[in-house]
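One structure below.
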Amino acid sequence: MKKIAIILIISCAVISNAQTTLTFTGRDHTGDYLQLYDVVVQNLTRDWTDTLFFPDTILILSGVGIEGHEVSEFALSQNIPNPFAGVTDFTLMMPDAERVVIEVHDLAGRKITGTTQRLEAGMHTFRVWIAEPQTCILTARAGKSAASVKMVNSGHGLQNSIAYSGDGIKPFPFKSRFISTHPFENGDLMRYVGHTISGNSLIVSDTIEQSQNGNENITLVFYLEEPFQNNGHFLDTTKSFIPDGVECNGNCMSTMNFNVTGYPNGSSITSGQDILYVRLKMEHSALGDLWISLKCPNGQYASIMKYGGAGSSDCSSLIPQSERGWLATGNSLSYLGLANDNQDNIADKCDSITNPMGTCWNYCWSNNVSQGYQYACNHGYVYEPCSHHYANNPNGSHTSADSTDMTNMTKVYHPDVSFNSLIGCPINGLWQIQVVDGNRLDNGYIEEAELALSVLPTEQPTLLTIPQWNHIYQLGIRPLHRIPDGNLAPLNSPSHHLRLYHVH
């Protein structure tokens, strides 16, 4: 996937009129560029905060204040998410009112869909539906300006269409010239945190805190590791913010993804025992606020923890009635991990600066009875008080549910709905752990997640159809592959087997 850097430039001037230029760039941990959603800038010495949003914004800091200027350019954002499953969003910046032509073409140049309309100056958000999986090019043209991005669709949209939308990803702030009273001087202690969007989640960068002296290129690093497998274990180490019962960037749900591959075509879950366990390393105050579910590639899901029913919010409407109500007596006010509860009742529930992460603990859910796991006390549900204890929480003394000992596999918890409900799920494909906060009084984070399967992936022969052959050949010593002229040539690796079939 092509990744784009969004650069935000801050020019700082002190009383001596000397300027300090800071350039912010988003990258993942491998060094690839990432599109920044925003950068939060804090001056810890002088106690002020400002946020720089996409698109590129130029600000001038001085001993008196901040003066900002919009970047007056025609700009097309990368669609989000990308890749996407049938539907995605993008944002278009218009420096002037003008007629705009927006089209989507396939890689052969054939038009898939399009729209033409007059747009006023400012930021505009659109939603795109693509009916068939394919890679395509989104292009926007206005006057002499044009921009294009590549989109990768892996699903089936309802139709091929483009619509102006106030839903999904909200239009980004579009600021004209403004004046602020925030002071700055070289040597001030500054803090920088960026955000980017990955899938359905708003992802937080590493925090940079330093005394700022002079010009600097500042890289904000995000950990967006692709899920990987190891003997049936799939891991997602993307740090994910759990929205606090309200929509954050159009999302109520925090999602951890597992791209499961390597199993024979048609493989499916035949028993709840096929799933060894699901693990979340997380923190959240008031565990009764959460609905946690495991979703398989065909849409079937099992509730790992049903919603305890502690309050309601904009996001609680996503929780079906069937997924409400615990199976045993519980304590909804107990924490998961050492949650940071100092953010209760703050105005901005989506700001990671005012909602910092606490300490995450491991929680493991399993139905597997063949592994010798030691389950938690009583009925073995995570919300039962017998598994809770007062923890040394620097953010306030509260009870927390015991962490699972992953080394000895003790204090393992039962999911509220048996993984037997996932029988029939295809194994290959996108699995997800989804977390919804149904109450707007507190929040949390997921530091990493794991899906462990007891069935192991096996390498299968690749089948090539060669019509002019009348026999079946098993090539095992030095495998071959077909090249365009119909001949056969050696593969680089001798570790695969190919069966060549003639099909009448």
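Within each chain, counting starts at residue 1; across the structure tokens, chains are named A, B, ... in the order shown, with ligands numbered 1 upward in that order.
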For this session: Once DSSP has gone over the backbone, tell me which residues of segment 269-352 of chain A are in strand (DSSP E), as a PyMOL selection string.
Result: chain A and resi 275-284+290-295+301-305+335-336
Using only C-alpha atoms, please write the residues we just selected to a file, as a PDB file, in the first residue's frame.
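Written out: again.pdb:
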```pdb
ATOM      1  CA  ILE A 275      -9.541 -21.611  18.921  1.00  0.00           C
ATOM      2  CA  LEU A 276      -6.935 -21.958  21.663  1.00  0.00           C
ATOM      3  CA  TYR A 277      -7.487 -18.491  23.060  1.00  0.00           C
ATOM      4  CA  VAL A 278      -7.971 -14.809  22.377  1.00  0.00           C
ATOM      5  CA  ARG A 279      -5.744 -12.346  24.237  1.00  0.00           C
ATOM      6  CA  LEU A 280      -6.015  -8.599  24.721  1.00  0.00           C
ATOM      7  CA  LYS A 281      -3.304  -6.557  26.406  1.00  0.00           C
ATOM      8  CA  MET A 282      -5.378  -3.581  27.460  1.00  0.00           C
ATOM      9  CA  GLU A 283      -6.508  -1.135  30.090  1.00  0.00           C
ATOM     10  CA  HIS A 284      -9.954   0.345  30.694  1.00  0.00           C
ATOM     11  CA  LEU A 290     -17.416  -2.645  27.224  1.00  0.00           C
ATOM     12  CA  TRP A 291     -18.742  -5.068  24.653  1.00  0.00           C
ATOM     13  CA  ILE A 292     -15.901  -7.211  23.261  1.00  0.00           C
ATOM     14  CA  SER A 293     -16.458  -9.620  20.371  1.00  0.00           C
ATOM     15  CA  LEU A 294     -14.478 -11.928  18.070  1.00  0.00           C
ATOM     16  CA  LYS A 295     -15.593 -11.714  14.430  1.00  0.00           C
ATOM     17  CA  TYR A 301     -19.116 -13.438  15.862  1.00  0.00           C
ATOM     18  CA  ALA A 302     -18.936 -14.559  19.470  1.00  0.00           C
ATOM     19  CA  SER A 303     -19.178 -12.177  22.426  1.00  0.00           C
ATOM     20  CA  ILE A 304     -15.987 -12.433  24.449  1.00  0.00           C
ATOM     21  CA  MET A 305     -17.528 -10.164  27.079  1.00  0.00           C
ATOM     22  CA  TYR A 335     -10.806  -1.909  36.010  1.00  0.00           C
ATOM     23  CA  LEU A 336      -8.930  -3.830  33.350  1.00  0.00           C
TER      24      LEU A 336
END
```
Problem set entry | Shortest interatomic distance to Asn215 of chain A - which of A:Asn43, A:Asn231, A:Thr125, A:Asn186, counting only C-alpha atoms |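 So, comparing all the options, the nearest one is A:Asn186.
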Exercise. Could you write out, as a list of chain:residue names, all the residues of segment 271-400 of chain A that DSSP marks as helix (DSSP H, G or I)?
Worked result: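 Checking each residue of segment 271-400 of chain A, the helix (DSSP H, G or I) ones are A:Gly272, A:Gln273, A:Asp274, A:Leu287, A:Gly288, A:Asp289, A:Cys315, A:Ser316, A:Ser317, A:Leu318, A:Gln321, A:Ser322, A:Glu323, A:Pro385, A:Cys386, A:Ser387.
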Exercise. Of the residues A:Thr88, A:Asn428, A:Asn439, A:Thr30, which is the one nearest to Asn265 of chain A, using only C-alpha atoms?
Worked result: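 The shortest atom-to-atom distance to Asn265 of chain A comes from A:Asn428.
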Problem set entry | Top pick for closest residue to Thr45 of chain A, considering A:Phe126, A:Phe90, A:Phe74, A:Phe184 and counting only C-alpha atoms | A:Phe184
Give me the segment 95-150 of chain A side of the contact with segment 82-85 of chain A, cut-off 10 Å, one line per residue showing its nearest atom pair and distance in Å at one decimal, counting only C-alpha atoms, sorted by chain and residue number, as a Markdown table.
```
| residue | atom | partner | partner_atom | distance |
| --- | --- | --- | --- | --- |
| A:Trp129 | CA | A:Ala85 | CA | 9.1 |
| A:Ile130 | CA | A:Ala85 | CA | 8.6 |
| A:Ala131 | CA | A:Ala85 | CA | 9.5 |
| A:Glu132 | CA | A:Ala85 | CA | 9.5 |
| A:Pro133 | CA | A:Ala85 | CA | 8.0 |
| A:Thr135 | CA | A:Pro83 | CA | 9.1 |
| A:Lys150 | CA | A:Asn82 | CA | 8.9 |
```
Exercise. Quick one: residues within 12 Å of Gly109 of chain A, only C-alpha atoms counted, chain neighbours fewer than 4 positions away excluded, as a PyMOL selection string?
Worked result: chain A and resi 103-105+113+135-139
For this session: Might you pull out every residue within 9 Å of Ala328 of chain A, with only C-alpha atoms counted and same-chain residues fewer than 5 positions away left off, and present them as a list in words?
Result: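 Near Ala328 of chain A, the qualifying residues are His379, Tyr381, Tyr383 and Glu384 of chain A.
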For this session: Using atom CA of Leu287 of chain A and atom CA of Ser240 of chain A as the two end points, give the distance in Å to one decimal.
Result: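 Distance between the two atoms: 16.7 Å.
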For this session: Please provide the set of residues having any atom within 9 Å of segment 357-369 of chain A, restricted to only C-alpha atoms, with same-chain residues fewer than 4 positions apart removed, written as a VMD selection string.
Result: chain A and resid 241 272 to 284 304 336 to 341 352 373 375 381 to 382 393 395 401 to 406 409 411 to 415 418 to 420 444 to 447
Exercise. Ser205 of chain A: which residues within 12 Å, counting only C-alpha atoms, same-chain residues fewer than 3 positions away excluded, as a ChimeraX atom specification?
Worked result: /A:24-29,34-40,191-198,202,208,219-224,238-241,352-353
Write the selection just made, keeping N, CA and C atoms, as a tab-separated table (two decimals), in the first residue's frame?
```tsv
chain	number	residue	atom	x	y	z
A	24	PHE	N	7.12	18.33	10.67
A	24	PHE	CA	6.59	17.07	11.21
A	24	PHE	C	6.30	16.11	10.07
A	25	THR	N	6.76	14.87	10.22
A	25	THR	CA	6.51	13.82	9.24
A	25	THR	C	6.05	12.56	9.97
A	26	GLY	N	5.03	11.90	9.45
A	26	GLY	CA	4.56	10.64	10.01
A	26	GLY	C	5.20	9.46	9.31
A	27	ARG	N	5.68	8.50	10.08
A	27	ARG	CA	6.24	7.26	9.53
A	27	ARG	C	5.83	6.09	10.40
A	28	ASP	N	5.73	4.90	9.79
A	28	ASP	CA	5.56	3.71	10.61
A	28	ASP	C	6.93	3.24	11.09
A	29	HIS	N	6.94	2.18	11.90
A	29	HIS	CA	8.19	1.75	12.52
A	29	HIS	C	9.19	1.19	11.52
A	34	LEU	N	3.52	7.85	6.51
A	34	LEU	CA	2.11	7.73	6.88
A	34	LEU	C	1.45	9.09	6.76
A	35	GLN	N	0.19	9.09	6.37
A	35	GLN	CA	-0.57	10.33	6.34
A	35	GLN	C	-0.99	10.69	7.77
A	36	LEU	N	-0.63	11.88	8.19
A	36	LEU	CA	-1.02	12.35	9.51
A	36	LEU	C	-2.44	12.90	9.47
A	37	TYR	N	-3.21	12.56	10.50
A	37	TYR	CA	-4.52	13.18	10.67
A	37	TYR	C	-4.36	14.52	11.36
A	38	ASP	N	-3.55	14.56	12.43
A	38	ASP	CA	-3.25	15.80	13.10
A	38	ASP	C	-1.97	15.65	13.91
A	39	VAL	N	-1.45	16.77	14.41
A	39	VAL	CA	-0.34	16.79	15.35
A	39	VAL	C	-0.73	17.71	16.50
A	40	VAL	N	-0.65	17.18	17.71
A	40	VAL	CA	-0.95	17.97	18.91
A	40	VAL	C	0.37	18.52	19.45
A	191	ARG	N	5.98	19.22	23.79
A	191	ARG	CA	5.54	17.83	23.62
A	191	ARG	C	4.79	17.74	22.29
A	192	TYR	N	5.12	16.70	21.50
A	192	TYR	CA	4.51	16.51	20.19
A	192	TYR	C	3.93	15.08	20.11
A	193	VAL	N	2.67	14.98	19.72
A	193	VAL	CA	2.01	13.68	19.52
A	193	VAL	C	1.20	13.76	18.24
A	194	GLY	N	1.33	12.76	17.38
A	194	GLY	CA	0.57	12.72	16.14
A	194	GLY	C	-0.50	11.65	16.16
A	195	HIS	N	-1.45	11.77	15.23
A	195	HIS	CA	-2.49	10.76	15.05
A	195	HIS	C	-2.59	10.43	13.57
A	196	THR	N	-2.84	9.16	13.28
A	196	THR	CA	-3.15	8.72	11.94
A	196	THR	C	-4.33	7.78	12.01
A	197	ILE	N	-4.91	7.45	10.87
A	197	ILE	CA	-6.07	6.57	10.83
A	197	ILE	C	-5.66	5.27	10.18
A	198	SER	N	-5.93	4.15	10.85
A	198	SER	CA	-5.64	2.82	10.32
A	198	SER	C	-6.89	1.97	10.47
A	202	LEU	N	-8.25	5.28	15.31
A	202	LEU	CA	-7.37	6.43	15.38
A	202	LEU	C	-6.14	6.00	16.16
A	208	ILE	N	6.93	12.67	21.73
A	208	ILE	CA	8.24	13.33	21.79
A	208	ILE	C	8.13	14.49	22.75
A	219	THR	N	10.23	13.46	13.34
A	219	THR	CA	9.50	12.29	12.83
A	219	THR	C	8.65	11.70	13.94
A	220	LEU	N	7.37	11.57	13.68
A	220	LEU	CA	6.44	10.95	14.60
A	220	LEU	C	6.24	9.50	14.17
A	221	VAL	N	6.57	8.56	15.04
A	221	VAL	CA	6.60	7.14	14.68
A	221	VAL	C	5.34	6.45	15.18
A	222	PHE	N	4.72	5.69	14.29
A	222	PHE	CA	3.53	4.89	14.60
A	222	PHE	C	3.88	3.42	14.44
A	223	TYR	N	3.36	2.61	15.33
A	223	TYR	CA	3.59	1.16	15.26
A	223	TYR	C	2.36	0.52	14.65
A	224	LEU	N	2.47	0.24	13.35
A	224	LEU	CA	1.36	-0.34	12.59
A	224	LEU	C	1.79	-1.65	11.99
A	238	THR	N	-0.73	-3.06	16.98
A	238	THR	CA	-1.10	-1.67	16.78
A	238	THR	C	-1.72	-1.12	18.07
A	239	LYS	N	-1.13	-0.05	18.62
A	239	LYS	CA	-1.72	0.57	19.81
A	239	LYS	C	-2.99	1.30	19.41
A	240	SER	N	-4.11	0.96	20.03
A	240	SER	CA	-5.40	1.46	19.59
A	240	SER	C	-6.15	2.11	20.75
A	241	PHE	N	-6.66	3.30	20.50
A	241	PHE	CA	-7.45	4.04	21.47
A	241	PHE	C	-8.89	3.55	21.43
A	352	SER	N	-6.03	12.11	22.80
A	352	SER	CA	-5.15	11.19	23.53
A	352	SER	C	-4.23	11.94	24.50
A	353	ILE	N	-4.03	13.24	24.29
A	353	ILE	CA	-3.20	14.01	25.21
A	353	ILE	C	-3.89	14.15	26.56
```
For this session: Compare A:Ser454, A:Thr51, A:Ser145, A:Gln432 by their minimum atom-to-atom distance to Asp236 of chain A, counting only C-alpha atoms, and give me the closest one.
Result: A:Gln432
For this session: Do a neighbour search on Ile423 of chain A at 7 Å with only C-alpha atoms, toss out local chain neighbours closer than 2 positions, and write the hits as a PyMOL selection string.
Result: chain A and resi 269-272+420-421+425
Take the residues just selected and output them with N, CA, C and O atoms as a short mmCIF file (atom, residue, chain, number, x, y, z; two decimals), in the first residue's frame.
```
data_model
loop_
_atom_site.label_atom_id
_atom_site.label_comp_id
_atom_site.auth_asym_id
_atom_site.auth_seq_id
_atom_site.Cartn_x
_atom_site.Cartn_y
_atom_site.Cartn_z
N ILE A 269 -13.73 -23.58 10.79
CA ILE A 269 -13.77 -23.93 12.21
C ILE A 269 -14.80 -25.04 12.41
O ILE A 269 -15.97 -24.90 12.03
N THR A 270 -14.37 -26.15 12.96
CA THR A 270 -15.27 -27.30 13.17
C THR A 270 -15.63 -27.49 14.63
O THR A 270 -16.50 -28.28 14.96
N SER A 271 -14.93 -26.77 15.52
CA SER A 271 -15.18 -26.90 16.95
C SER A 271 -14.65 -25.65 17.65
O SER A 271 -13.69 -25.03 17.17
N GLY A 272 -15.26 -25.30 18.78
CA GLY A 272 -14.72 -24.22 19.58
C GLY A 272 -13.32 -24.50 20.06
O GLY A 272 -12.57 -23.57 20.40
N ASN A 420 -17.87 -22.15 20.17
CA ASN A 420 -18.63 -23.08 19.32
C ASN A 420 -19.55 -22.33 18.37
O ASN A 420 -19.95 -22.86 17.33
N SER A 421 -19.92 -21.10 18.73
CA SER A 421 -20.80 -20.30 17.87
C SER A 421 -20.08 -19.88 16.59
O SER A 421 -20.72 -19.36 15.67
N CYS A 425 -17.10 -21.00 10.41
CA CYS A 425 -16.33 -19.84 9.96
C CYS A 425 -15.17 -20.29 9.07
O CYS A 425 -14.46 -21.23 9.42
#
```
